[in-house]
file query03.txt (compact mmCIF, C-alpha atoms (C1' of nucleotides))
# COMPACT_ATOMS: atom_id res chain seq x y z
CA MET A 606 51.43 82.62 88.69
CA ALA A 607 54.37 81.39 90.67
CA GLU A 608 53.14 80.70 94.13
CA ILE A 609 56.52 79.97 95.58
CA GLY A 610 56.45 76.86 97.67
CA VAL A 611 59.08 76.27 100.34
CA SER A 612 60.99 74.16 97.88
CA GLY A 613 60.02 75.76 94.62
CA ARG A 614 62.42 76.29 91.83
CA VAL A 615 63.40 79.74 93.07
CA GLN A 616 64.15 78.45 96.53
CA ARG A 617 66.36 75.72 95.18
CA SER A 618 68.38 78.19 93.16
CA LYS A 619 68.73 80.57 96.06
CA ASP A 620 69.78 77.81 98.41
CA ALA A 621 72.40 76.53 96.03
CA VAL A 622 73.81 80.00 95.58
CA LEU A 623 73.89 80.77 99.28
CA LYS A 624 75.51 77.46 100.09
CA THR A 625 78.23 77.96 97.52
CA THR A 626 78.72 81.52 98.66
CA ASN A 627 79.30 80.32 102.20
CA GLU A 628 81.79 77.74 101.09
CA LEU A 629 83.67 80.27 99.05
CA MET A 630 83.68 82.76 101.88
CA SER A 631 85.29 80.31 104.23
CA GLU A 632 87.84 79.30 101.63
CA ALA A 633 88.83 82.68 100.33
CA GLY A 634 87.32 85.29 102.62
CA ILE A 635 84.73 87.81 101.65
CA GLY A 636 87.09 89.47 99.24
CA GLY A 637 87.65 86.20 97.46
CA VAL A 638 84.03 85.70 96.52
CA SER A 639 83.12 86.58 92.96
CA ILE A 640 79.78 86.11 91.30
CA ASP A 641 81.40 84.36 88.39
CA GLU A 642 82.96 81.82 90.68
CA VAL A 643 79.76 81.29 92.63
CA SER A 644 78.01 80.69 89.35
CA ARG A 645 80.59 78.21 88.15
CA ARG A 646 80.59 76.21 91.36
CA SER A 647 76.92 76.24 92.15
CA GLY A 648 75.80 75.52 88.62
CA VAL A 649 73.41 78.43 88.83
CA ALA A 650 73.73 80.82 85.94
CA LYS A 651 75.17 84.23 86.69
CA THR A 652 72.09 85.79 85.17
CA THR A 653 69.90 83.96 87.64
CA ILE A 654 72.00 85.12 90.56
CA TYR A 655 71.51 88.69 89.49
CA ARG A 656 67.80 88.03 89.23
CA HIS A 657 67.70 87.27 92.97
CA TRP A 658 70.29 89.69 94.32
CA PRO A 659 70.79 93.13 92.84
CA SER A 660 74.53 93.17 93.36
CA ARG A 661 77.52 91.28 94.68
CA SER A 662 77.43 93.03 98.01
CA ALA A 663 73.76 92.26 98.45
CA LEU A 664 74.51 88.57 98.09
CA LEU A 665 77.40 88.76 100.51
CA LEU A 666 75.32 90.63 103.05
CA ASP A 667 72.59 88.05 102.74
CA ALA A 668 74.99 85.15 103.11
CA CYS A 669 76.75 86.68 106.09
CA SER A 670 73.53 87.48 107.87
CA ARG A 671 72.80 83.76 108.13
CA LEU A 672 75.92 82.93 110.07
CA GLY A 673 75.49 82.94 113.83
CA ALA A 674 74.10 79.72 115.24
CA ARG A 675 72.54 80.33 118.61
CA PRO A 676 73.24 77.99 121.50
CA ASP A 677 70.43 76.77 123.70
CA LEU A 678 70.17 79.00 126.72
CA PRO A 679 71.49 76.94 129.60
CA ASP A 680 69.98 77.33 133.04
CA THR A 681 71.99 75.34 135.52
CA GLY A 682 71.11 77.47 138.51
CA SER A 683 74.53 79.00 139.00
CA LEU A 684 76.50 81.49 136.94
CA GLU A 685 79.52 79.25 136.92
CA GLY A 686 77.45 76.37 135.57
CA ASP A 687 75.84 78.50 132.88
CA LEU A 688 79.18 79.91 131.83
CA ALA A 689 80.74 76.48 131.72
CA ALA A 690 77.98 75.30 129.40
CA LEU A 691 78.19 78.33 127.14
CA VAL A 692 81.95 78.21 127.00
CA GLY A 693 81.89 74.52 126.19
CA TYR A 694 79.63 75.25 123.25
CA LEU A 695 81.92 78.07 122.16
CA THR A 696 84.96 75.82 122.33
CA GLU A 697 83.22 73.32 120.12
CA GLN A 698 82.12 75.97 117.65
CA LEU A 699 85.57 77.46 117.38
CA ARG A 700 86.91 74.05 116.58
CA SER A 701 84.44 72.86 114.02
CA ALA A 702 82.05 75.52 112.78
CA ARG A 703 82.51 77.50 109.65
CA TRP A 704 81.90 81.01 110.91
CA PRO A 705 85.22 81.35 112.73
CA THR A 706 86.93 81.24 109.36
CA ILE A 707 84.69 83.91 107.94
CA LEU A 708 84.36 86.31 110.82
CA PRO A 709 87.75 87.96 110.33
CA SER A 710 86.64 89.00 106.87
CA ILE A 711 83.56 90.59 108.33
CA VAL A 712 85.51 92.33 111.05
CA ASP A 713 87.94 93.69 108.50
CA ALA A 714 85.21 94.87 106.18
CA ALA A 715 83.27 96.36 109.07
CA GLU A 716 86.27 98.53 109.78
CA ARG A 717 85.43 100.51 106.65
CA ASP A 718 82.06 99.52 105.21
CA PRO A 719 79.14 100.84 107.28
CA GLU A 720 76.70 98.31 105.87
CA ILE A 721 78.93 95.44 106.94
CA ALA A 722 79.46 97.21 110.24
CA ALA A 723 75.72 97.12 110.87
CA LEU A 724 75.59 93.45 109.99
CA HIS A 725 78.52 92.79 112.26
CA ALA A 726 76.79 94.60 115.10
CA ARG A 727 73.78 92.33 114.72
CA LEU A 728 75.89 89.19 114.73
CA GLN A 729 77.80 90.50 117.69
CA ALA A 730 74.62 91.13 119.64
CA GLY A 731 73.56 87.57 118.93
CA PHE A 732 76.84 86.24 120.26
CA ALA A 733 76.67 88.25 123.45
CA ALA A 734 72.98 87.71 124.17
CA PRO A 735 73.07 84.34 125.96
CA TYR A 736 75.90 85.51 128.19
CA LEU A 737 74.02 88.66 129.07
CA VAL A 738 70.98 86.62 129.99
CA ALA A 739 73.03 84.36 132.23
CA ILE A 740 74.63 87.36 133.93
CA GLU A 741 71.31 89.07 134.49
CA ARG A 742 69.92 85.94 136.07
CA ALA A 743 72.95 85.72 138.30
CA LYS A 744 72.39 89.30 139.36
CA ALA A 745 68.78 88.51 140.19
CA ARG A 746 70.02 85.67 142.40
CA GLY A 747 72.46 88.01 144.09
CA GLU A 748 75.36 86.02 142.76
CA VAL A 749 76.79 89.04 141.03
CA PRO A 750 76.89 92.57 142.47
CA ALA A 751 74.35 94.79 140.76
CA ASP A 752 76.94 97.41 139.85
CA GLN A 753 79.05 95.00 137.81
CA ASP A 754 79.19 95.92 134.13
CA PRO A 755 77.88 92.96 132.11
CA GLY A 756 79.84 94.09 129.06
CA GLN A 757 83.03 93.83 131.05
CA ILE A 758 82.26 90.26 131.96
CA VAL A 759 81.37 89.29 128.43
CA ALA A 760 84.64 90.80 127.26
CA ALA A 761 86.50 88.84 129.91
CA ILE A 762 85.05 85.63 128.50
CA TYR A 763 84.91 86.09 124.74
CA GLY A 764 88.14 88.06 124.70
CA PRO A 765 90.54 85.27 125.58
CA PHE A 766 88.82 82.84 123.22
CA PHE A 767 88.85 85.17 120.28
CA TYR A 768 92.37 86.23 121.09
CA ARG A 769 93.53 82.65 120.94
CA ARG A 770 91.60 81.80 117.84
CA TRP A 771 92.67 84.72 115.67
CA PHE A 772 95.64 86.41 117.24
CA SER A 773 97.89 84.08 119.15
CA ARG A 774 96.55 81.01 117.35
CA GLU A 775 97.22 78.80 120.33
CA PRO A 776 95.03 75.74 120.79
CA ILE A 777 91.73 76.11 122.60
CA ASP A 778 90.90 73.14 124.76
CA ARG A 779 88.78 72.40 127.80
CA ALA A 780 91.54 73.27 130.23
CA PHE A 781 91.85 76.71 128.68
CA ALA A 782 88.11 77.22 128.76
CA ALA A 783 87.91 76.14 132.38
CA ARG A 784 90.59 78.60 133.40
CA VAL A 785 88.88 81.44 131.59
CA VAL A 786 85.72 80.79 133.55
CA ALA A 787 87.67 80.44 136.79
CA ASN A 788 89.39 83.77 136.22
CA VAL A 789 86.10 85.47 135.51
CA MET A 790 84.52 84.04 138.62
CA ALA A 791 87.50 85.16 140.69
CA GLY A 792 87.19 88.65 139.28
CA ILE A 793 83.50 88.77 140.10
CA GLY A 794 84.09 87.53 143.63
CA ARG A 795 86.23 90.52 144.44
CA ALA A 796 84.13 93.15 142.78
CA MET B 124 128.35 103.14 91.34
CA ALA B 125 125.44 103.74 93.59
CA GLU B 126 126.66 103.57 97.11
CA ILE B 127 123.28 103.99 98.68
CA GLY B 128 123.36 106.54 101.45
CA VAL B 129 120.75 106.52 104.16
CA SER B 130 118.85 109.17 102.31
CA GLY B 131 119.82 108.41 98.76
CA ARG B 132 117.43 108.59 95.89
CA VAL B 133 116.47 104.96 96.26
CA GLN B 134 115.68 105.37 99.91
CA ARG B 135 113.46 108.35 99.24
CA SER B 136 111.47 106.41 96.68
CA LYS B 137 111.13 103.41 98.93
CA ASP B 138 110.04 105.53 101.85
CA ALA B 139 107.44 107.33 99.81
CA VAL B 140 106.05 104.04 98.54
CA LEU B 141 105.95 102.43 101.97
CA LYS B 142 104.31 105.45 103.52
CA THR B 143 101.61 105.56 100.88
CA THR B 144 101.12 101.83 101.15
CA ASN B 145 100.53 102.16 104.85
CA GLU B 146 98.02 104.94 104.37
CA LEU B 147 96.18 102.94 101.78
CA MET B 148 96.16 99.86 103.96
CA SER B 149 94.53 101.69 106.80
CA GLU B 150 92.00 103.26 104.50
CA ALA B 151 91.02 100.28 102.44
CA GLY B 152 92.55 97.23 104.06
CA ILE B 153 95.15 95.01 102.54
CA GLY B 154 92.80 93.95 99.80
CA GLY B 155 92.23 97.55 98.83
CA VAL B 156 95.84 98.26 98.05
CA SER B 157 96.77 98.24 94.39
CA ILE B 158 100.12 99.09 92.91
CA ASP B 159 98.51 101.47 90.47
CA GLU B 160 96.93 103.41 93.30
CA VAL B 161 100.12 103.46 95.34
CA SER B 162 101.89 104.80 92.29
CA ARG B 163 99.30 107.50 91.70
CA ARG B 164 99.26 108.70 95.28
CA SER B 165 102.93 108.50 96.06
CA GLY B 166 104.04 110.03 92.80
CA VAL B 167 106.47 107.17 92.35
CA ALA B 168 106.18 105.52 88.96
CA LYS B 169 104.78 102.03 88.88
CA THR B 170 107.88 100.90 87.06
CA THR B 171 110.02 102.11 89.93
CA ILE B 172 107.92 100.28 92.46
CA TYR B 173 108.47 97.06 90.58
CA ARG B 174 112.18 97.79 90.54
CA HIS B 175 112.23 97.62 94.35
CA TRP B 176 109.65 94.95 95.06
CA PRO B 177 109.18 91.93 92.83
CA SER B 178 105.42 91.76 93.29
CA ARG B 179 102.44 93.28 94.99
CA SER B 180 102.49 90.79 97.82
CA ALA B 181 106.17 91.46 98.47
CA LEU B 182 105.38 95.12 98.96
CA LEU B 183 102.48 94.36 101.26
CA LEU B 184 104.56 91.95 103.29
CA ASP B 185 107.28 94.54 103.62
CA ALA B 186 104.87 97.26 104.64
CA CYS B 187 103.09 95.08 107.16
CA SER B 188 106.30 93.89 108.73
CA ARG B 189 107.01 97.46 109.85
CA LEU B 190 103.90 97.79 111.92
CA GLY B 191 104.30 96.91 115.57
CA ALA B 192 105.68 99.69 117.71
CA ARG B 193 107.25 98.30 120.85
CA PRO B 194 106.55 99.90 124.19
CA ASP B 195 109.32 100.54 126.66
CA LEU B 196 109.57 97.65 129.03
CA PRO B 197 108.24 98.96 132.33
CA ASP B 198 109.74 97.74 135.58
CA THR B 199 107.73 99.10 138.45
CA GLY B 200 108.62 96.31 140.85
CA SER B 201 105.17 94.72 140.93
CA LEU B 202 103.22 92.78 138.35
CA GLU B 203 100.20 94.96 138.85
CA GLY B 204 102.26 98.07 138.24
CA ASP B 205 103.88 96.65 135.11
CA LEU B 206 100.55 95.53 133.74
CA ALA B 207 98.99 98.90 134.46
CA ALA B 208 101.76 100.59 132.49
CA LEU B 209 101.57 98.20 129.57
CA VAL B 210 97.81 98.33 129.45
CA GLY B 211 97.87 102.11 129.54
CA TYR B 212 100.14 102.10 126.53
CA LEU B 213 97.86 99.63 124.78
CA THR B 214 94.81 101.77 125.48
CA GLU B 215 96.56 104.73 123.94
CA GLN B 216 97.67 102.74 120.91
CA LEU B 217 94.23 101.37 120.28
CA ARG B 218 92.89 104.87 120.33
CA SER B 219 95.38 106.63 118.12
CA ALA B 220 97.75 104.33 116.29
CA ARG B 221 97.29 103.15 112.75
CA TRP B 222 97.91 99.45 113.15
CA PRO B 223 94.58 98.69 114.83
CA THR B 224 92.88 99.59 111.58
CA ILE B 225 95.13 97.34 109.56
CA LEU B 226 95.46 94.33 111.80
CA PRO B 227 92.07 92.82 110.92
CA SER B 228 93.19 92.63 107.33
CA ILE B 229 96.28 90.75 108.38
CA VAL B 230 94.31 88.41 110.59
CA ASP B 231 91.90 87.70 107.79
CA ALA B 232 94.63 87.10 105.25
CA ALA B 233 96.58 84.97 107.73
CA GLU B 234 93.58 82.70 107.90
CA ARG B 235 94.43 81.51 104.40
CA ASP B 236 97.80 82.82 103.24
CA PRO B 237 100.72 81.03 104.95
CA GLU B 238 103.17 83.83 104.20
CA ILE B 239 100.92 86.37 105.90
CA ALA B 240 100.37 83.86 108.68
CA ALA B 241 104.10 83.79 109.32
CA LEU B 242 104.25 87.56 109.36
CA HIS B 243 101.31 87.68 111.70
CA ALA B 244 103.02 85.24 114.04
CA ARG B 245 106.05 87.54 114.21
CA LEU B 246 103.92 90.58 114.95
CA GLN B 247 102.00 88.61 117.52
CA ALA B 248 105.19 87.55 119.26
CA GLY B 249 106.24 91.17 119.41
CA PHE B 250 102.95 92.14 121.01
CA ALA B 251 103.11 89.44 123.63
CA ALA B 252 106.79 89.79 124.49
CA PRO B 253 106.69 92.63 127.02
CA TYR B 254 103.85 90.97 128.89
CA LEU B 255 105.73 87.69 129.02
CA VAL B 256 108.77 89.46 130.40
CA ALA B 257 106.71 91.11 133.11
CA ILE B 258 105.11 87.81 134.03
CA GLU B 259 108.43 86.01 134.19
CA ARG B 260 109.81 88.68 136.46
CA ALA B 261 106.76 88.35 138.68
CA LYS B 262 107.31 84.62 138.86
CA ALA B 263 110.94 85.19 139.86
CA ARG B 264 109.69 87.42 142.66
CA GLY B 265 107.25 84.74 143.76
CA GLU B 266 104.36 87.00 142.92
CA VAL B 267 102.91 84.47 140.52
CA PRO B 268 102.81 80.72 141.07
CA ALA B 269 105.36 78.96 138.90
CA ASP B 270 102.80 76.63 137.38
CA GLN B 271 100.68 79.44 135.96
CA ASP B 272 100.56 79.43 132.18
CA PRO B 273 101.87 82.79 130.92
CA GLY B 274 99.92 82.42 127.69
CA GLN B 275 96.72 82.20 129.66
CA ILE B 276 97.48 85.46 131.41
CA VAL B 277 98.38 87.23 128.20
CA ALA B 278 95.12 86.05 126.69
CA ALA B 279 93.25 87.33 129.73
CA ILE B 280 94.71 90.77 129.13
CA TYR B 281 94.86 91.22 125.38
CA GLY B 282 91.63 89.31 124.85
CA PRO B 283 89.22 91.82 126.36
CA PHE B 284 90.96 94.74 124.66
CA PHE B 285 90.95 93.18 121.25
CA TYR B 286 87.41 91.96 121.76
CA ARG B 287 86.24 95.46 122.47
CA ARG B 288 88.18 97.03 119.67
CA TRP B 289 87.13 94.73 116.84
CA PHE B 290 84.16 92.70 117.99
CA SER B 291 81.91 94.52 120.39
CA ARG B 292 83.25 97.93 119.37
CA GLU B 293 82.57 99.36 122.77
CA PRO B 294 84.76 102.23 123.97
CA ILE B 295 88.05 101.43 125.64
CA ASP B 296 88.85 103.79 128.46
CA ARG B 297 90.97 103.80 131.59
CA ALA B 298 88.21 102.36 133.74
CA PHE B 299 87.91 99.40 131.41
CA ALA B 300 91.65 98.89 131.38
CA ALA B 301 91.83 99.05 135.14
CA ARG B 302 89.14 96.43 135.54
CA VAL B 303 90.86 94.10 133.12
CA VAL B 304 94.01 94.26 135.19
CA ALA B 305 92.04 93.84 138.42
CA ASN B 306 90.33 90.74 137.07
CA VAL B 307 93.62 89.25 135.97
CA MET B 308 95.19 89.89 139.34
CA ALA B 309 92.21 88.31 141.07
CA GLY B 310 92.53 85.26 138.86
CA ILE B 311 96.21 84.94 139.67
CA GLY B 312 95.57 85.23 143.37
CA ARG B 313 93.46 82.12 143.34
CA ALA B 314 95.60 79.96 141.13
C1' DT C 392 48.38 69.39 78.01
C1' DG C 393 49.51 74.08 77.61
C1' DC C 394 50.96 78.58 79.48
C1' DT C 395 54.09 81.39 82.04
C1' DA C 396 57.53 82.28 85.26
C1' DT C 397 62.04 80.96 85.87
C1' DT C 398 66.26 79.49 84.30
C1' DG C 399 70.55 78.62 81.25
C1' DC C 400 73.64 80.09 77.75
C1' DT C 401 76.42 83.17 75.24
C1' DA C 402 78.07 87.28 74.39
C1' DC C 403 78.93 91.88 75.55
C1' DG C 404 81.00 96.53 77.32
C1' DC C 405 83.49 98.39 80.85
C1' DA C 406 86.73 98.88 84.48
C1' DA C 407 90.56 97.63 87.40
C1' DC C 408 94.62 95.47 88.09
C1' DC C 409 99.11 92.88 87.43
C1' DG C 410 103.46 92.83 85.63
C1' DT C 411 106.58 93.96 81.56
C1' DA C 412 108.87 96.62 77.88
C1' DT C 413 110.73 100.71 75.83
C1' DC C 414 112.74 104.97 75.84
C1' DG C 415 113.68 109.51 77.16
C1' DT C 416 114.97 112.13 81.39
C1' DT C 417 116.96 113.24 85.70
C1' DA C 418 119.83 113.09 89.89
C1' DC C 419 124.11 112.37 91.96
C1' DG C 420 128.59 110.63 93.06
C1' DA C 421 133.41 110.18 91.19
C1' DT D 1364 131.72 118.17 84.68
C1' DC D 1365 130.37 113.76 83.13
C1' DG D 1366 128.75 109.05 83.15
C1' DT D 1367 125.81 105.89 85.07
C1' DA D 1368 122.31 104.34 88.00
C1' DA D 1369 117.85 105.42 89.07
C1' DC D 1370 113.60 107.37 87.73
C1' DG D 1371 109.22 108.88 84.96
C1' DA D 1372 105.97 108.38 81.21
C1' DT D 1373 103.52 105.65 78.20
C1' DA D 1374 101.88 101.78 76.31
C1' DC D 1375 100.72 97.09 76.18
C1' DG D 1376 98.83 92.15 76.86
C1' DG D 1377 96.51 89.31 79.72
C1' DT D 1378 93.33 88.31 83.37
C1' DT D 1379 89.47 88.86 86.30
C1' DG D 1380 85.50 90.75 87.70
C1' DC D 1381 80.83 93.42 87.50
C1' DG D 1382 76.53 93.89 85.67
C1' DT D 1383 73.40 93.66 81.34
C1' DA D 1384 71.11 91.93 77.07
C1' DG D 1385 68.81 88.68 74.12
C1' DC D 1386 67.03 84.41 73.26
C1' DA D 1387 66.30 79.61 73.70
C1' DA D 1388 65.09 75.86 76.97
C1' DT D 1389 62.67 74.12 80.90
C1' DA D 1390 59.90 73.27 84.90
C1' DG D 1391 55.80 73.31 87.21
C1' DC D 1392 51.18 74.89 88.04
C1' DA D 1393 46.33 75.29 86.13

call {"tool": "encode", "arguments": {"input": "query03.txt", "output": "structure tokens"}}
result
Amino acid sequence: MAEIGVSGRVQRSKDAVLKTTNELMSEAGIGGVSIDEVSRRSGVAKTTIYRHWPSRSALLLDACSRLGARPDLPDTGSLEGDLAALVGYLTEQLRSARWPTILPSIVDAAERDPEIAALHARLQAGFAAPYLVAIERAKARGEVPADQDPGQIVAAIYGPFFYRRWFSREPIDRAFAARVVANVMAGIGRA
Amino acid sequence: MAEIGVSGRVQRSKDAVLKTTNELMSEAGIGGVSIDEVSRRSGVAKTTIYRHWPSRSALLLDACSRLGARPDLPDTGSLEGDLAALVGYLTEQLRSARWPTILPSIVDAAERDPEIAALHARLQAGFAAPYLVAIERAKARGEVPADQDPGQIVAAIYGPFFYRRWFSREPIDRAFAARVVANVMAGIGRA
DNA sequence: TGCTATTGCTACGCAACCGTATCGTTACGA
DNA sequence: TCGTAACGATACGGTTGCGTAGCAATAGCA
């Protein structure tokens, strides 16, 4: 009987496959990942891969679902402080993390594949969550008018960052981040 | 001698191929376009396609380079008015045009393919241009402080729209558009 | 140590796609 | 009308990828 320990043989194989899959995704996009290549690179036999995932898309789904790293929820006492912290983390992630390279693939696939769309929605919710928490707290403190749409604020923050990262491809530094927050705060002030 | 008229035989073939390529791109993404399928759907023989484009990627490049429709440059006399007009056009495009379906593919490919990256940069410049013109005019009128970074403003506008369209997938209506412009104007006021 | 689940290896069959070659057939301008 | 450029149809070779099968090797628990 194979009572699978946390680092049993199965786990080691799975980990190796998932790691290689992630690397390949960031190098070649989702479309550039093939089981044969994952097998070659990871050293795990193709047969074994198919023993753990029923199909290519199942593996990709699995690998993608492990992407979003959550930031610690900051609680500085003011919305501006919380946003500054969150945005600093985002700036760092966009510079060094691996998911920014992969996300466009997911967005593209989500445009047509409903399964990927569902996955994307989950990731998206994870991204937005800490901002929504910060905004709700600010509302509770009376810092933000109750009729303000939180989604609008989140869009005003993430939007410029994502736009720069994937569309205009301009650099994203602290000055940029600070101005995004300042603009958002100005917009809230006048609501 | 084949003096190619505007609607010669060659042009008809090319047009049919490009049209089909565009349809396929919006249905299946760039990665989902194959020459065989384009040939089947368009009725143009594969051989003929290769007579006009040296390779698959050449065809895709060509098709993608014909994407961005330019809006008329508005000139309402105020930045807010110009932005409202431009943003109204953008809202309409995001709802009904075909390029929003295709652009994620381009963004994804641009992440790795330098040729697509160059194409993407050209498209991007076309998108940003009318906004930059409006901002420059506003600066000339003294409506916007001269030290304001135009790129920052463009990001503050496009960002939320693109974020909603491809990331949060929330609806984009006139109310949303109006609030984006209002936020931007508020941010400029405090610069 | 021995038994069993798990893995590796090799080899398939099948499909899709790229890009080329050949040759007969059409459209169209001179 | 007639000649040539452009096109269509078919076939091909090569590559890559998916997913499966069969069997030998191995690791790890009992």

call {"tool": "closest_residue", "arguments": {"input": "query03.txt", "among": "B:Val277, B:Ala139, B:Val230, B:Leu190", "to": "B:Ser165", "atoms": "only C-alpha atoms"}}
result
B:Ala139

call {"tool": "closest_residue", "arguments": {"input": "query03.txt", "among": "B:Ser291, B:Ser219, B:Ser136, B:Thr144", "to": "D:DC1370", "atoms": "only C-alpha atoms (C1' of nucleotides)"}}
result
B:Ser136

call {"tool": "residues_around", "arguments": {"input": "query03.txt", "residues": "stretch 395-406 of chain C", "least_positions_apart": "5", "cutoff": "10 Å", "atoms": "all atoms listed in the file", "output": "CSV table (one decimal) with C-alpha atoms (C1' of nucleotides), in the frame of the given file"}}
result
chain,number,residue,atom,x,y,z
A,606,MET,CA,51.4,82.6,88.7
A,607,ALA,CA,54.4,81.4,90.7
A,614,ARG,CA,62.4,76.3,91.8
A,615,VAL,CA,63.4,79.7,93.1
A,618,SER,CA,68.4,78.2,93.2
A,648,GLY,CA,75.8,75.5,88.6
A,649,VAL,CA,73.4,78.4,88.8
A,650,ALA,CA,73.7,80.8,85.9
A,651,LYS,CA,75.2,84.2,86.7
A,652,THR,CA,72.1,85.8,85.2
A,653,THR,CA,69.9,84.0,87.6
A,656,ARG,CA,67.8,88.0,89.2
D,1380,DG,C1',85.5,90.8,87.7
D,1381,DC,C1',80.8,93.4,87.5
D,1382,DG,C1',76.5,93.9,85.7
D,1383,DT,C1',73.4,93.7,81.3
D,1384,DA,C1',71.1,91.9,77.1
D,1385,DG,C1',68.8,88.7,74.1
D,1386,DC,C1',67.0,84.4,73.3
D,1387,DA,C1',66.3,79.6,73.7
D,1388,DA,C1',65.1,75.9,77.0
D,1389,DT,C1',62.7,74.1,80.9
D,1390,DA,C1',59.9,73.3,84.9
D,1391,DG,C1',55.8,73.3,87.2
D,1392,DC,C1',51.2,74.9,88.0

call {"tool": "interface_residues", "arguments": {"input": "query03.txt", "of": "chain B", "to": "chain C", "cutoff": "12 Å", "atoms": "only C-alpha atoms (C1' of nucleotides)", "output": "ChimeraX atom specification"}}
result
/B:124-128,131-133,154-160,169-170,172-174,176-180

call {"tool": "closest_residue", "arguments": {"input": "query03.txt", "among": "B:Ala278, B:Ala192, B:Ile153, B:Ala269", "to": "B:Ile239", "atoms": "only C-alpha atoms"}}
result
B:Ile153

call {"tool": "closest_atom_pairs", "arguments": {"input": "query03.txt", "of": "chain D", "to": "chain B", "cutoff": "12 Å", "atoms": "all atoms listed in the file", "output": "JSON lines"}}
result
{"residue": "D:DG1366", "atom": "C1'", "partner": "B:Met124", "partner_atom": "CA", "distance": 10.1}
{"residue": "D:DT1367", "atom": "C1'", "partner": "B:Met124", "partner_atom": "CA", "distance": 7.3}
{"residue": "D:DA1368", "atom": "C1'", "partner": "B:Ala125", "partner_atom": "CA", "distance": 6.4}
{"residue": "D:DA1369", "atom": "C1'", "partner": "B:Val133", "partner_atom": "CA", "distance": 7.3}
{"residue": "D:DC1370", "atom": "C1'", "partner": "B:Thr171", "partner_atom": "CA", "distance": 6.7}
{"residue": "D:DG1371", "atom": "C1'", "partner": "B:Ala168", "partner_atom": "CA", "distance": 6.0}
{"residue": "D:DA1372", "atom": "C1'", "partner": "B:Ala168", "partner_atom": "CA", "distance": 8.3}
{"residue": "D:DT1373", "atom": "C1'", "partner": "B:Thr170", "partner_atom": "CA", "distance": 11.0}

call {"tool": "atom_distance", "arguments": {"input": "query03.txt", "atom1": "atom CA of B:Leu184", "atom2": "atom CA of B:Asp138"}}
result
14.7 Å

call {"tool": "atom_distance", "arguments": {"input": "query03.txt", "atom1": "atom CA of A:Tyr694", "atom2": "atom CA of A:Arg746"}}
result
23.8 Å

call {"tool": "closest_residue", "arguments": {"input": "query03.txt", "among": "B:Thr214, B:Asn145, B:Gln134, B:Ser162", "to": "B:Pro194", "atoms": "all atoms listed in the file"}}
result
B:Thr214

call {"tool": "atom_distance", "arguments": {"input": "query03.txt", "atom1": "atom CA of A:Leu737", "atom2": "atom CA of A:Leu678"}}
result
10.7 Å

call {"tool": "decode", "arguments": {"input": "query03.txt", "residues": "stretch 393-421 of chain C", "atoms": "C-alpha atoms (C1' of nucleotides)", "output": "compact mmCIF listing (two decimals), in the first residue's frame"}}
result
# COMPACT_ATOMS: atom_id res chain seq x y z
C1' DG C 393 10.51 -9.42 -0.20
C1' DC C 394 6.28 -7.54 -2.27
C1' DT C 395 3.85 -4.00 -4.69
C1' DA C 396 3.06 0.45 -6.29
C1' DT C 397 5.38 3.54 -9.05
C1' DT C 398 8.39 4.65 -12.53
C1' DG C 399 11.31 4.50 -16.99
C1' DC C 400 11.89 3.09 -21.65
C1' DT C 401 10.62 2.17 -26.23
C1' DA C 402 7.59 1.92 -29.57
C1' DC C 403 3.30 2.89 -31.55
C1' DG C 404 -0.87 5.01 -34.22
C1' DC C 405 -2.90 9.11 -35.30
C1' DA C 406 -3.50 13.85 -36.39
C1' DA C 407 -2.12 18.47 -37.58
C1' DC C 408 0.79 21.47 -39.61
C1' DC C 409 4.63 23.60 -42.44
C1' DG C 410 6.46 24.45 -46.71
C1' DT C 411 7.52 22.61 -51.51
C1' DA C 412 6.84 20.49 -56.08
C1' DT C 413 4.25 19.37 -60.13
C1' DC C 414 0.94 20.02 -63.41
C1' DG C 415 -3.32 21.17 -65.36
C1' DT C 416 -6.60 25.12 -65.47
C1' DT C 417 -8.31 29.69 -65.50
C1' DA C 418 -8.60 34.76 -65.77
C1' DC C 419 -7.34 38.87 -67.92
C1' DG C 420 -4.79 42.38 -70.27
C1' DA C 421 -2.45 43.46 -74.78
